[in-house]
Structure formats: structure tokens, C-alpha cells
>>> print(open('target13.tsv').read())   # TSV, C-alpha atoms
chain	number	residue	atom	x	y	z
A	773	MET	CA	0.00	0.00	0.00
A	774	SER	CA	1.06	3.60	-0.56
A	775	GLU	CA	3.11	5.38	2.06
A	776	VAL	CA	0.49	8.09	2.70
A	777	VAL	CA	1.16	9.98	5.92
A	778	TYR	CA	-1.99	10.68	7.92
A	779	ASP	CA	-2.61	13.23	10.64
A	780	ARG	CA	-2.84	11.51	14.02
A	781	ARG	CA	-6.39	12.71	14.51
A	782	GLU	CA	-7.38	11.09	11.22
A	783	VAL	CA	-5.77	7.85	12.34
A	784	LYS	CA	-7.75	7.99	15.59
A	785	ARG	CA	-10.96	8.52	13.66
A	786	SER	CA	-10.06	5.57	11.49
A	787	ARG	CA	-9.64	3.48	14.63
A	788	TYR	CA	-13.25	4.15	15.60
A	789	ALA	CA	-14.42	3.44	12.07
A	790	VAL	CA	-12.58	0.10	11.97
A	791	ALA	CA	-14.02	-0.72	15.41
A	792	ALA	CA	-17.52	-0.10	14.03
A	793	VAL	CA	-16.75	-2.39	11.09
A	794	PHE	CA	-15.65	-5.13	13.51
A	795	ALA	CA	-18.91	-4.69	15.44
A	796	VAL	CA	-21.03	-5.03	12.29
A	797	HIS	CA	-19.09	-8.14	11.27
A	798	GLY	CA	-19.69	-9.68	14.68
A	799	ALA	CA	-23.38	-8.81	14.64
A	800	VAL	CA	-23.86	-10.93	11.52
A	801	THR	CA	-22.26	-13.92	13.22
A	802	GLY	CA	-24.29	-13.46	16.41
A	803	SER	CA	-27.52	-13.15	14.45
A	804	PHE	CA	-26.78	-16.42	12.66
A	805	ALA	CA	-25.50	-18.44	15.63
A	806	THR	CA	-28.59	-18.05	17.81
A	807	ARG	CA	-30.88	-19.32	15.03
A	808	VAL	CA	-28.90	-22.48	14.22
A	809	PRO	CA	-31.51	-24.72	15.94
A	810	TRP	CA	-34.26	-23.11	13.81
A	811	ILE	CA	-32.22	-23.54	10.64
A	812	GLN	CA	-31.54	-27.17	11.57
A	813	ASP	CA	-35.26	-27.86	11.99
A	814	HIS	CA	-36.22	-25.97	8.83
A	815	ALA	CA	-33.71	-27.89	6.71
A	816	SER	CA	-34.63	-31.18	8.45
A	817	VAL	CA	-31.02	-32.24	9.10
A	818	SER	CA	-29.58	-34.42	11.87
A	819	ALA	CA	-26.79	-33.38	14.25
A	820	GLY	CA	-24.21	-35.05	12.02
A	821	GLN	CA	-25.62	-33.41	8.88
A	822	LEU	CA	-25.68	-30.06	10.65
A	823	GLY	CA	-22.04	-30.56	11.56
A	824	LEU	CA	-21.25	-31.22	7.90
A	825	ALA	CA	-23.15	-28.11	6.79
A	826	LEU	CA	-21.44	-25.96	9.43
A	827	ALA	CA	-18.09	-26.91	7.94
A	828	PHE	CA	-18.93	-25.08	4.71
A	829	PRO	CA	-18.51	-21.53	6.04
A	830	ALA	CA	-14.90	-22.37	6.86
A	831	ILE	CA	-14.40	-24.07	3.48
A	832	GLY	CA	-15.67	-20.97	1.72
A	833	ALA	CA	-13.58	-18.67	3.91
A	834	SER	CA	-10.38	-20.68	3.49
A	835	LEU	CA	-10.71	-20.66	-0.31
A	836	ALA	CA	-11.70	-16.99	-0.58
A	837	MET	CA	-9.46	-15.29	2.00
A	838	PRO	CA	-6.32	-15.24	-0.20
A	839	LEU	CA	-8.33	-13.15	-2.66
A	840	ALA	CA	-8.76	-10.30	-0.18
A	841	GLY	CA	-5.27	-8.94	-0.77
A	842	SER	CA	-5.82	-8.79	-4.53
A	843	VAL	CA	-9.16	-7.04	-4.10
A	844	SER	CA	-7.63	-4.43	-1.77
A	845	HIS	CA	-4.68	-3.95	-4.13
A	846	ARG	CA	-6.97	-3.32	-7.09
A	847	PHE	CA	-9.65	-1.15	-5.53
A	848	GLY	CA	-7.95	0.33	-2.44
A	849	ALA	CA	-8.52	-0.66	1.17
A	850	ARG	CA	-11.62	1.47	1.78
A	851	THR	CA	-13.54	0.53	-1.37
A	852	ALA	CA	-12.59	-3.13	-1.03
A	853	LEU	CA	-13.72	-3.29	2.59
A	854	ARG	CA	-16.99	-1.53	1.81
A	855	GLY	CA	-17.83	-4.00	-0.95
A	856	LEU	CA	-16.72	-7.08	0.96
A	857	MET	CA	-18.67	-6.06	4.06
A	858	ALA	CA	-21.84	-5.52	2.01
A	859	LEU	CA	-21.53	-8.99	0.49
A	860	TRP	CA	-21.01	-10.45	3.97
A	861	THR	CA	-23.96	-8.74	5.64
A	862	LEU	CA	-26.33	-9.57	2.79
A	863	SER	CA	-25.26	-13.24	2.83
A	864	LEU	CA	-26.92	-13.59	6.25
A	865	VAL	CA	-30.28	-14.15	4.53
A	866	LEU	CA	-29.14	-17.30	2.71
A	867	PRO	CA	-28.91	-20.08	5.38
A	868	ALA	CA	-32.45	-19.60	6.70
A	869	LEU	CA	-33.82	-19.93	3.16
A	870	ALA	CA	-32.28	-23.40	2.65
A	871	PRO	CA	-34.91	-26.19	2.60
A	872	ASN	CA	-32.50	-29.14	2.66
A	873	LEU	CA	-28.92	-30.20	3.33
A	874	LEU	CA	-27.55	-29.45	-0.16
A	875	THR	CA	-28.89	-25.91	-0.34
A	876	LEU	CA	-27.82	-25.29	3.27
A	877	CYS	CA	-24.26	-26.29	2.42
A	878	LEU	CA	-24.23	-24.00	-0.63
A	879	ALA	CA	-25.66	-21.10	1.35
A	880	LEU	CA	-23.13	-21.53	4.13
A	881	PHE	CA	-20.29	-21.72	1.60
A	882	VAL	CA	-21.18	-18.27	0.26
A	883	TYR	CA	-21.75	-17.01	3.81
A	884	GLY	CA	-18.25	-18.15	4.80
A	885	ALA	CA	-16.48	-16.92	1.66
A	886	THR	CA	-17.73	-13.38	2.10
A	887	ALA	CA	-17.04	-13.49	5.85
A	888	GLY	CA	-13.42	-14.55	5.33
A	889	MET	CA	-12.54	-11.88	2.78
A	890	ALA	CA	-14.08	-9.12	4.89
A	891	ASP	CA	-12.27	-10.54	7.94
A	892	VAL	CA	-8.83	-10.32	6.33
A	893	ALA	CA	-9.46	-6.81	5.00
A	894	MET	CA	-10.59	-5.39	8.33
A	895	ASN	CA	-7.83	-7.07	10.35
A	896	ALA	CA	-5.16	-5.76	7.98
A	897	LEU	CA	-6.53	-2.25	8.43
A	898	GLY	CA	-6.65	-2.78	12.20
A	899	VAL	CA	-2.95	-3.75	12.34
A	900	GLU	CA	-2.08	-0.72	10.19
A	901	VAL	CA	-3.92	1.61	12.56
A	902	GLU	CA	-2.31	-0.07	15.60
A	903	ASN	CA	1.16	0.50	14.16
A	904	ARG	CA	0.42	4.14	13.35
A	905	LEU	CA	-0.97	4.84	16.82
A	906	ASP	CA	1.86	3.07	18.69
A	907	LYS	CA	-0.79	1.55	20.94
A	908	SER	CA	-2.25	-1.92	21.34
A	909	ILE	CA	-5.78	-1.91	19.91
A	910	MET	CA	-6.33	-5.33	18.32
A	911	SER	CA	-7.90	-6.91	21.40
A	912	GLY	CA	-10.23	-3.94	21.67
A	913	LEU	CA	-11.16	-4.22	18.00
A	914	HIS	CA	-11.99	-7.88	18.45
A	915	GLY	CA	-13.84	-6.83	21.59
A	916	MET	CA	-16.02	-4.68	19.36
A	917	TRP	CA	-16.53	-7.76	17.17
A	918	SER	CA	-17.71	-9.65	20.25
A	919	ALA	CA	-19.89	-6.71	21.30
A	920	GLY	CA	-21.46	-6.79	17.87
A	921	ALA	CA	-21.92	-10.55	18.17
A	922	LEU	CA	-23.55	-9.94	21.55
A	923	VAL	CA	-26.02	-7.47	20.05
A	924	GLY	CA	-26.72	-9.82	17.16
A	925	SER	CA	-27.20	-12.81	19.47
A	926	ALA	CA	-29.40	-10.77	21.81
A	927	GLY	CA	-31.63	-9.95	18.87
A	928	GLY	CA	-31.60	-13.63	17.91
A	929	THR	CA	-32.48	-14.63	21.47
A	930	LEU	CA	-35.47	-12.30	21.43
A	931	ALA	CA	-36.53	-13.55	18.00
A	932	ALA	CA	-36.24	-17.18	19.13
A	933	HIS	CA	-38.19	-16.45	22.33
A	934	LEU	CA	-40.98	-14.84	20.30
A	935	GLY	CA	-40.96	-17.69	17.79
A	936	THR	CA	-40.13	-15.35	14.89
A	937	ASP	CA	-39.41	-16.97	11.54
A	938	ALA	CA	-35.62	-16.79	11.03
A	939	ARG	CA	-36.11	-15.82	7.39
A	940	LEU	CA	-37.87	-12.63	8.44
A	941	HIS	CA	-35.44	-12.00	11.30
A	942	HIS	CA	-32.35	-12.41	9.11
A	943	ALA	CA	-33.74	-10.32	6.24
A	944	PHE	CA	-34.30	-7.40	8.60
A	945	ALA	CA	-30.90	-7.85	10.27
A	946	ALA	CA	-29.08	-8.10	6.92
A	947	LEU	CA	-30.55	-4.88	5.56
A	948	THR	CA	-29.86	-2.97	8.78
A	949	LEU	CA	-26.27	-4.20	9.06
A	950	THR	CA	-25.54	-3.49	5.39
A	951	VAL	CA	-26.44	0.16	5.91
A	952	LEU	CA	-24.42	0.42	9.13
A	953	GLY	CA	-21.41	-1.33	7.58
A	954	THR	CA	-21.40	0.94	4.55
A	955	ILE	CA	-21.46	4.03	6.77
A	956	ALA	CA	-18.65	2.70	8.99
A	957	CYS	CA	-16.40	1.89	6.03
A	958	GLN	CA	-16.43	5.52	4.93
A	959	GLY	CA	-14.16	6.44	7.85
A	960	VAL	CA	-11.35	3.88	7.44
A	961	LEU	CA	-7.92	4.73	6.01
A	962	ASP	CA	-8.06	4.85	2.22
A	963	LEU	CA	-4.81	2.97	1.62
A	964	ARG	CA	-3.96	2.40	-2.03
A	965	ALA	CA	-1.23	0.54	-3.87
A	966	THR	CA	1.53	2.56	-5.51
A	967	GLU	CA	1.94	2.35	-9.26
A	968	ASP	CA	5.12	0.29	-8.99
A	969	GLU	CA	3.82	-2.04	-6.27
A	970	GLU	CA	3.52	-5.62	-7.43
A	971	ALA	CA	0.07	-7.14	-7.06
A	972	PRO	CA	-0.10	-9.91	-4.44
A	973	PRO	CA	-0.73	-13.46	-5.64
A	974	ARG	CA	-4.36	-14.45	-5.74
A	975	PHE	CA	-3.59	-17.64	-3.87
A	976	ALA	CA	-0.55	-18.23	-1.68
A	977	LEU	CA	0.40	-20.71	1.02
A	978	PRO	CA	0.69	-19.26	4.53
A	979	PRO	CA	4.24	-17.97	5.18
A	980	ARG	CA	6.36	-19.95	7.62
A	981	SER	CA	6.15	-17.16	10.19
A	982	ALA	CA	2.39	-17.64	10.35
A	983	LEU	CA	2.36	-21.39	11.02
A	984	LEU	CA	3.28	-21.46	14.72
A	985	ILE	CA	1.17	-18.41	15.48
A	986	GLY	CA	-1.68	-20.01	13.58
A	987	ALA	CA	-1.43	-23.17	15.70
A	988	ILE	CA	-2.42	-21.19	18.80
A	989	GLY	CA	-5.24	-19.57	16.87
A	990	PHE	CA	-6.33	-23.02	15.70
A	991	CYS	CA	-6.97	-24.17	19.29
A	992	ALA	CA	-8.81	-20.99	20.23
A	993	VAL	CA	-11.04	-20.90	17.16
A	994	PHE	CA	-11.93	-24.57	17.54
A	995	ALA	CA	-13.24	-23.85	21.05
A	996	GLU	CA	-14.94	-20.67	19.87
A	997	GLY	CA	-16.60	-22.31	16.88
A	998	ALA	CA	-17.76	-25.27	18.93
A	999	SER	CA	-19.28	-22.95	21.52
A	1000	LEU	CA	-20.91	-20.54	19.09
A	1001	ASP	CA	-22.40	-23.20	16.83
A	1002	TRP	CA	-23.24	-25.86	19.41
A	1003	SER	CA	-23.91	-24.16	22.76
A	1004	ALA	CA	-27.60	-23.60	22.01
A	1005	VAL	CA	-27.97	-27.14	20.65
A	1006	TYR	CA	-26.07	-28.50	23.68
A	1007	LEU	CA	-28.47	-26.92	26.16
A	1008	ARG	CA	-31.53	-27.96	24.16
A	1009	ASP	CA	-30.55	-31.57	23.42
A	1010	VAL	CA	-28.36	-32.53	26.39
A	1011	LEU	CA	-30.00	-30.59	29.21
A	1012	GLY	CA	-33.53	-30.21	27.83
A	1013	SER	CA	-33.57	-26.40	27.97
A	1014	SER	CA	-36.10	-24.20	26.19
A	1015	ALA	CA	-35.26	-22.51	22.89
A	1016	GLY	CA	-35.02	-19.11	24.58
A	1017	LEU	CA	-32.68	-20.33	27.34
A	1018	ALA	CA	-30.56	-22.23	24.82
A	1019	ALA	CA	-30.15	-19.09	22.72
A	1020	ALA	CA	-29.35	-17.10	25.89
A	1021	CYS	CA	-26.38	-19.43	26.48
A	1022	THR	CA	-24.85	-18.25	23.21
A	1023	THR	CA	-25.49	-14.67	24.31
A	1024	GLY	CA	-23.68	-15.29	27.61
A	1025	PHE	CA	-20.73	-16.78	25.79
A	1026	THR	CA	-20.41	-13.76	23.50
A	1027	LEU	CA	-20.84	-11.41	26.48
A	1028	THR	CA	-17.81	-12.76	28.33
A	1029	MET	CA	-15.76	-12.66	25.14
A	1030	ALA	CA	-16.75	-9.04	24.55
A	1031	VAL	CA	-15.86	-7.92	28.08
A	1032	ALA	CA	-12.53	-9.75	28.09
A	1033	ARG	CA	-11.51	-8.40	24.69
A	1034	LEU	CA	-12.45	-4.83	25.51
A	1035	ALA	CA	-10.23	-5.04	28.61
A	1036	GLY	CA	-7.60	-7.18	26.90
A	1037	ASP	CA	-5.27	-4.48	25.57
A	1038	ALA	CA	-4.46	-3.23	29.07
A	1039	VAL	CA	-3.89	-6.79	30.32
A	1040	VAL	CA	-1.59	-7.67	27.43
A	1041	ASP	CA	0.40	-4.46	27.82
A	1042	ARG	CA	0.99	-5.29	31.48
A	1043	PHE	CA	1.66	-9.03	31.39
A	1044	GLY	CA	2.65	-9.73	27.78
A	1045	PRO	CA	0.96	-12.11	25.32
A	1046	VAL	CA	2.60	-15.32	26.57
A	1047	ARG	CA	1.52	-15.07	30.19
A	1048	THR	CA	-1.87	-13.73	29.18
A	1049	VAL	CA	-2.53	-16.69	26.88
A	1050	ARG	CA	-1.29	-19.21	29.44
A	1051	VAL	CA	-3.73	-17.99	32.09
A	1052	SER	CA	-6.47	-17.66	29.48
A	1053	GLY	CA	-5.91	-21.25	28.41
A	1054	LEU	CA	-6.36	-22.49	31.96
A	1055	LEU	CA	-9.63	-20.55	32.28
A	1056	ALA	CA	-10.87	-21.98	29.00
A	1057	THR	CA	-9.93	-25.51	30.08
A	1058	ALA	CA	-11.85	-25.09	33.34
A	1059	GLY	CA	-14.87	-23.80	31.43
A	1060	ALA	CA	-14.89	-26.66	28.93
A	1061	LEU	CA	-14.53	-29.20	31.74
A	1062	LEU	CA	-17.48	-27.62	33.54
A	1063	VAL	CA	-19.60	-27.96	30.40
A	1064	VAL	CA	-18.72	-31.66	30.20
A	1065	LEU	CA	-19.59	-32.26	33.86
A	1066	ALA	CA	-22.67	-30.00	34.06
A	1067	GLN	CA	-25.94	-31.59	35.13
A	1068	ASN	CA	-28.06	-28.48	34.68
A	1069	ALA	CA	-28.31	-25.44	32.42
A	1070	ALA	CA	-26.85	-22.99	34.95
A	1071	LEU	CA	-23.56	-24.88	35.27
A	1072	ALA	CA	-23.29	-25.40	31.51
A	1073	MET	CA	-23.89	-21.70	30.86
A	1074	THR	CA	-21.21	-20.85	33.43
A	1075	GLY	CA	-18.83	-23.20	31.65
A	1076	PHE	CA	-19.49	-21.61	28.27
A	1077	ALA	CA	-18.99	-18.18	29.83
A	1078	LEU	CA	-15.59	-19.23	31.19
A	1079	LEU	CA	-14.71	-20.62	27.77
A	1080	GLY	CA	-15.51	-17.25	26.24
A	1081	LEU	CA	-13.41	-15.47	28.85
A	1082	GLY	CA	-10.48	-17.82	28.31
A	1083	ILE	CA	-10.24	-17.69	24.53
A	1084	ALA	CA	-11.21	-14.04	24.09
A	1085	VAL	CA	-7.82	-12.39	23.56
A	1086	VAL	CA	-6.04	-15.27	21.82
A	1087	VAL	CA	-7.13	-14.62	18.23
A	1088	PRO	CA	-6.50	-10.84	18.43
A	1089	LEU	CA	-2.99	-11.56	19.70
A	1090	CYS	CA	-2.43	-14.01	16.85
A	1091	PHE	CA	-3.48	-11.47	14.23
A	1092	ALA	CA	-1.38	-8.74	15.84
A	1093	ALA	CA	1.66	-11.04	15.97
A	1094	ALA	CA	1.12	-12.12	12.37
A	1095	GLY	CA	1.01	-8.50	11.23
A	1096	ARG	CA	4.49	-7.99	12.70
A	1097	SER	CA	6.01	-11.34	11.81
A	1098	GLY	CA	7.30	-10.72	8.31
A	1099	PRO	CA	7.74	-8.30	5.42
A	1100	ASN	CA	4.19	-8.82	4.11
A	1101	PRO	CA	1.69	-8.26	6.95
A	1102	ALA	CA	-1.40	-8.85	4.81
A	1103	GLN	CA	-0.10	-12.21	3.61
A	1104	ALA	CA	0.84	-13.25	7.16
A	1105	ILE	CA	-2.58	-12.20	8.45
A	1106	ALA	CA	-4.25	-14.11	5.63
A	1107	GLY	CA	-2.09	-17.12	6.51
A	1108	VAL	CA	-3.08	-17.07	10.18
A	1109	ALA	CA	-6.69	-16.43	9.20
A	1110	THR	CA	-6.60	-19.43	6.86
A	1111	ILE	CA	-5.30	-21.65	9.65
A	1112	THR	CA	-7.86	-20.40	12.14
A	1113	TYR	CA	-10.68	-20.76	9.64
A	1114	THR	CA	-9.46	-24.28	8.95
A	1115	SER	CA	-10.04	-24.86	12.64
A	1116	GLY	CA	-13.51	-23.45	12.14
A	1117	LEU	CA	-13.86	-25.92	9.27
A	1118	ILE	CA	-12.93	-28.84	11.46
A	1119	ALA	CA	-14.73	-27.85	14.67
A	1120	PRO	CA	-18.41	-28.03	13.67
A	1121	SER	CA	-18.04	-31.26	11.71
A	1122	ALA	CA	-15.84	-32.83	14.39
A	1123	ILE	CA	-18.34	-31.96	17.11
A	1124	GLY	CA	-21.22	-33.28	15.01
A	1125	THR	CA	-19.40	-36.46	14.01
A	1126	VAL	CA	-18.39	-37.29	17.57
A	1127	ALA	CA	-21.90	-36.42	18.76
A	1128	ASP	CA	-23.43	-38.84	16.25
A	1129	ALA	CA	-21.01	-41.60	17.24
A	1130	THR	CA	-21.20	-40.97	21.01
A	1131	SER	CA	-22.74	-37.81	22.46
A	1132	LEU	CA	-22.37	-34.03	22.54
A	1133	VAL	CA	-20.90	-34.37	26.02
A	1134	THR	CA	-18.06	-36.47	24.63
A	1135	SER	CA	-17.56	-33.94	21.85
A	1136	PHE	CA	-16.72	-31.26	24.38
A	1137	VAL	CA	-14.01	-33.43	25.88
A	1138	LEU	CA	-12.15	-32.67	22.64
A	1139	VAL	CA	-12.77	-28.96	23.22
A	1140	THR	CA	-11.29	-29.33	26.71
A	1141	VAL	CA	-8.09	-30.89	25.36
A	1142	LEU	CA	-7.59	-28.15	22.76
A	1143	ALA	CA	-8.33	-25.43	25.30
A	1144	PHE	CA	-5.49	-26.81	27.44
A	1145	GLY	CA	-3.29	-26.55	24.35
A	1146	LEU	CA	-3.51	-22.76	24.65
A	1147	ALA	CA	-1.81	-22.87	28.03
A	1148	ALA	CA	0.69	-25.51	26.97
A	1149	PHE	CA	1.89	-23.82	23.78
A	1150	ALA	CA	1.47	-20.12	24.54
A	1151	GLY	CA	5.25	-19.71	24.29
A	1152	VAL	CA	5.12	-19.68	20.48
A	1153	LEU	CA	3.90	-16.08	20.64
A	1154	ARG	CA	7.33	-15.18	21.94
A	1155	THR	CA	8.79	-16.01	18.53
A	1156	SER	CA	7.39	-12.80	17.11
A	1157	GLY	CA	8.83	-9.58	18.47
A	1158	ARG	CA	6.43	-6.73	18.85
A	1159	THR	CA	6.86	-3.86	16.41
A	1160	THR	CA	5.54	-0.49	17.45
A	1161	SER	CA	5.43	2.88	15.80
A	1162	ALA	CA	7.41	5.73	17.27
A	1163	GLN	CA	5.54	8.81	16.11
A	1164	VAL	CA	7.64	11.67	14.79
A	1165	PRO	CA	6.37	14.90	13.21
A	1166	GLY	CA	6.55	15.28	9.47
A	1167	ALA	CA	5.89	18.13	7.09
A	1168	ARG	CA	2.78	20.27	7.73
A	1169	GLY	CA	2.29	18.71	11.15
A	1170	GLU	CA	1.76	15.22	9.72
A	1171	VAL	CA	2.82	12.11	11.56
A	1172	ALA	CA	5.27	9.55	10.22
A	1173	ASP	CA	5.91	6.06	11.55
A	1174	VAL	CA	9.32	4.79	12.64
A	1175	LYS	CA	9.31	1.07	13.41
A	1176	VAL	CA	11.15	-0.06	16.55
A	1177	PRO	CA	11.32	-3.63	17.87
A	1178	ASP	CA	9.97	-4.65	21.24
A	1179	SER	CA	10.92	-8.16	22.34
A	1180	ARG	CA	8.61	-8.44	25.35
A	1181	PRO	CA	6.99	-11.85	25.74
>>> encode(input="target13.tsv", output="C-alpha cells")
Amino acid sequence: MSEVVYDRREVKRSRYAVAAVFAVHGAVTGSFATRVPWIQDHASVSAGQLGLALAFPAIGASLAMPLAGSVSHRFGARTALRGLMALWTLSLVLPALAPNLLTLCLALFVYGATAGMADVAMNALGVEVENRLDKSIMSGLHGMWSAGALVGSAGGTLAAHLGTDARLHHAFAALTLTVLGTIACQGVLDLRATEDEEAPPRFALPPRSALLIGAIGFCAVFAEGASLDWSAVYLRDVLGSSAGLAAACTTGFTLTMAVARLAGDAVVDRFGPVRTVRVSGLLATAGALLVVLAQNAALAMTGFALLGLGIAVVVPLCFAAAGRSGPNPAQAIAGVATITYTSGLIAPSAIGTVADATSLVTSFVLVTVLAFGLAAFAGVLRTSGRTTSAQVPGARGEVADVKVPDSRP
């Protein structure tokens, strides 16, 4: 992207705009997740078939995410993000329209493809703003994603409680979020490629620097995907809860993630990413174990809340580390995103497959093991030194960025 120098106030405004984009993106996910039981019933699919269908968003995302860099290179960061976000928000209407397994898989493929490209574009802009501000903001941005998911899931909880048709609910949500997303995108940095800048490859394997970082993200996203997609089903099928209470469990999970992420930047600045992720992994492990052992809805909901608290800051830290891990931040971010979305690909189908063979309770034993992996392998985040931006004045009061390494764990 071009080396345009922005006034610090403009960069701050862009931070709020990117945060709003994250919130809109999360609201789409929250709106979808709470209506999964309705979509399952409408499409007349079993738990195993639902698990198969829920793998298709990650398939679509993994195939489409490498295209995000090319789209941004061609159209500029702002225009690309605006278009990708509109495609993502409008795709929310598709899953609830599916009458059978085949159409549900196709709908979720498109839903995931648009989600993944918008995800890469907004995270790349977030890392750029973080570097220009010389301040940790990625956890807060992902906190806004979780806040958006909370609002979306709260709306879904209300719709489920009222027995509203998900097709009507999602049509209204998609139109509203498309408008909000378009407005938010107007305020992001309008980064553009220089004339002599080589276009990125349309498809590229994740760089080596992204692999270890992505492994941590893999564990976190597996637990997150399992909880988002299966928490409502878990309470309904395992513990016999009502549709409203089951949907409220998903809301509680997103609430703890939102709170933890919004407070996460201060925690990471004080303790460093390695120690933060180690403690977070232990909390997530305790939460998953509580879900497995729960005999009533209250304990299970507490377990899912602890899971949300434990995994909240892990993915933001992975994206931030990826953005500083090599000469091509966008490619590294896309690489980590591909790995984490692969986890999202595996999680729903793995949970559904194990549930069909044994039970949903047994499925969450797998979640417990991977949650412990966060604590066990948090040290890989130390392999990427933190790069910050020392702000120095430029011509006409502008602000330029001077990169300095910070090797804190």
C-alpha cells in the first residue's frame, strides 16, 4: 500500500471506524449463531448433517481469503472493505432460506467466503492503525466484534423467544447491518497501492512465520466455533432447555468474550501475550470441563462463559503477531486467518461427528483438550517480536511512523 502519511487525529478517527466495522461483522455472526436450531429444523437435518453443513462456512472462507489482498490492491482498502462487508452482511439471509442439506451447504459456503474476505481486510486495516498509533488496539477491535456478536445474538435470542421466523429476522438484520457497515467503512484509512507495487498473488500458502502463530489460533477458534455453533444445541438436546434459554447461552458466551476483549489491551500491555494466553488457556480448560460435567443449564452456561473469557484475547494476539512477523503483513494475516478458519472448518463437523457416534458431552471433551493446548503452547507467541510505531512529526504537522522492535513476551 502507498506510504500516505496521515494526521494523528485522522488515524484515531479511522480506529473508531474500523471498530464499528468489527462490530457489524460480529453482529452478523451473532444473528446467525442463535438461530442455528431453527435452521436445523427448517432444513430437516440431523446433528451429524448439521455438523457437515457448518463446515462449509470455513471451506468458503479458506478458499476466498487469499483473494482479499488482490481485491484491496486493485480497488484500495476502503472501497474493497466496503464492498466485501456488504456482500457479507447480505449473505446472512441465505442459510435460513435453505430447505434441505444441499442448499444449506451452498448457502453456508457463500456465507463463509464473504465473511473470510471481509475478515482479512478489516484485520489488515486494524494492524495498520495499531502501528500508526503506537498503541495496542487489536484486542479492543476484536472486543467490538464480540460486542457486535452480543447485540446480534441478543436480537436472535429475542426472536427465538418470540418464535419469529428466522427468514424474516435475518432479512431485517441483513438490511440494517448493510447500511451500518457501509457508513462505517467511509471512515477507514483509504490505503492504495503505488503504481510500482507488485500485485499480491491471488492464492498463496501461509508464510512460515504464520504457522506457529496459527497453531495457537487453531486451538482458540476450535473452542470458539464449537461454543458458538453448538452451545444452544447442547443446552436444548443434552439438558432439555427451552429454545429461549438455549439461545441465551450463546449470548452469555459472547458477552464474556466481549468484556474480556475490551479489557484485553491493558492486560496484554501489562503481562505480555505469553503469560496472558497461558492464564487464558487455563480458564478456557476449566470452562470446557465444567460444560462436560454440568448436570443443569446454569452450570453449563457458566462453563461456556468461562470458555468465552479464556479464549477471548487469543485470536486478536495471533493477528497482531502475524502482522508484525514478516515483510508482508497482509499475507501473514491471511495465513493465520486461513489456519484459524481451517479450525472453524474442522470444529463443527468434528463436534457433530463425535456427537453422532457418542454424544455431545463427549464432543466437548475434545474442546477441553484443545483449550489446554492454549496454556501448553502459549510460548510460540514469543517467537514474534512486537513492532511499534514511534511517532515523529513530518511536514505540515503530519505524523510519520518509525518502526522499533519490542521483544517483550
>>> residues_near_point(input="target13.tsv", point="(-21.1, -21.9, 0.4)", cutoff="10 Å", atoms="only C-alpha atoms", output="PDB file with C-alpha atoms, keeping the file's coordinate frame")
ATOM      1  CA  ALA A 825     -23.150 -28.110   6.790  1.00  0.00           C
ATOM      2  CA  LEU A 826     -21.440 -25.960   9.430  1.00  0.00           C
ATOM      3  CA  ALA A 827     -18.090 -26.910   7.940  1.00  0.00           C
ATOM      4  CA  PHE A 828     -18.930 -25.080   4.710  1.00  0.00           C
ATOM      5  CA  PRO A 829     -18.510 -21.530   6.040  1.00  0.00           C
ATOM      6  CA  ALA A 830     -14.900 -22.370   6.860  1.00  0.00           C
ATOM      7  CA  ILE A 831     -14.400 -24.070   3.480  1.00  0.00           C
ATOM      8  CA  GLY A 832     -15.670 -20.970   1.720  1.00  0.00           C
ATOM      9  CA  ALA A 833     -13.580 -18.670   3.910  1.00  0.00           C
ATOM     10  CA  SER A 863     -25.260 -13.240   2.830  1.00  0.00           C
ATOM     11  CA  LEU A 866     -29.140 -17.300   2.710  1.00  0.00           C
ATOM     12  CA  PRO A 867     -28.910 -20.080   5.380  1.00  0.00           C
ATOM     13  CA  LEU A 874     -27.550 -29.450  -0.160  1.00  0.00           C
ATOM     14  CA  THR A 875     -28.890 -25.910  -0.340  1.00  0.00           C
ATOM     15  CA  LEU A 876     -27.820 -25.290   3.270  1.00  0.00           C
ATOM     16  CA  CYS A 877     -24.260 -26.290   2.420  1.00  0.00           C
ATOM     17  CA  LEU A 878     -24.230 -24.000  -0.630  1.00  0.00           C
ATOM     18  CA  ALA A 879     -25.660 -21.100   1.350  1.00  0.00           C
ATOM     19  CA  LEU A 880     -23.130 -21.530   4.130  1.00  0.00           C
ATOM     20  CA  PHE A 881     -20.290 -21.720   1.600  1.00  0.00           C
ATOM     21  CA  VAL A 882     -21.180 -18.270   0.260  1.00  0.00           C
ATOM     22  CA  TYR A 883     -21.750 -17.010   3.810  1.00  0.00           C
ATOM     23  CA  GLY A 884     -18.250 -18.150   4.800  1.00  0.00           C
ATOM     24  CA  ALA A 885     -16.480 -16.920   1.660  1.00  0.00           C
ATOM     25  CA  THR A 886     -17.730 -13.380   2.100  1.00  0.00           C
TER      26      THR A 886
END
>>> closest_residue(input="target13.tsv", among="A:Val1051, A:Cys991, A:Ile1111, A:Cys1021", to="A:Thr1140", atoms="all atoms listed in the file")
A:Cys991
>>> residues_around(input="target13.tsv", residues="A:Leu961", least_positions_apart="6", cutoff="8 Å", atoms="all atoms listed in the file", output="JSON, numbers by chain")
{"A": [783, 786, 849, 850, 897]}
>>> closest_residue(input="target13.tsv", among="A:Val796, A:Val1039, A:Leu1011, A:Val901", to="A:Arg854", atoms="only C-alpha atoms")
A:Val796
>>> closest_residue(input="target13.tsv", among="A:Leu1138, A:Ala840, A:Ala1070, A:Ala791", to="A:Gly1107", atoms="only C-alpha atoms")
A:Ala840
>>> atom_distance(input="target13.tsv", atom1="atom CA of A:Gly959", atom2="atom CA of A:Ala893")
14.3 Å
>>> closest_residue(input="target13.tsv", among="A:Ser1135, A:Ser999, A:Ser918, A:Ser1121", to="A:Met1073", atoms="all atoms listed in the file")
A:Ser999
>>> closest_residue(input="target13.tsv", among="A:Leu952, A:Val1046, A:Ala819, A:Ala1056", to="A:Gly920", atoms="only C-alpha atoms")
A:Leu952
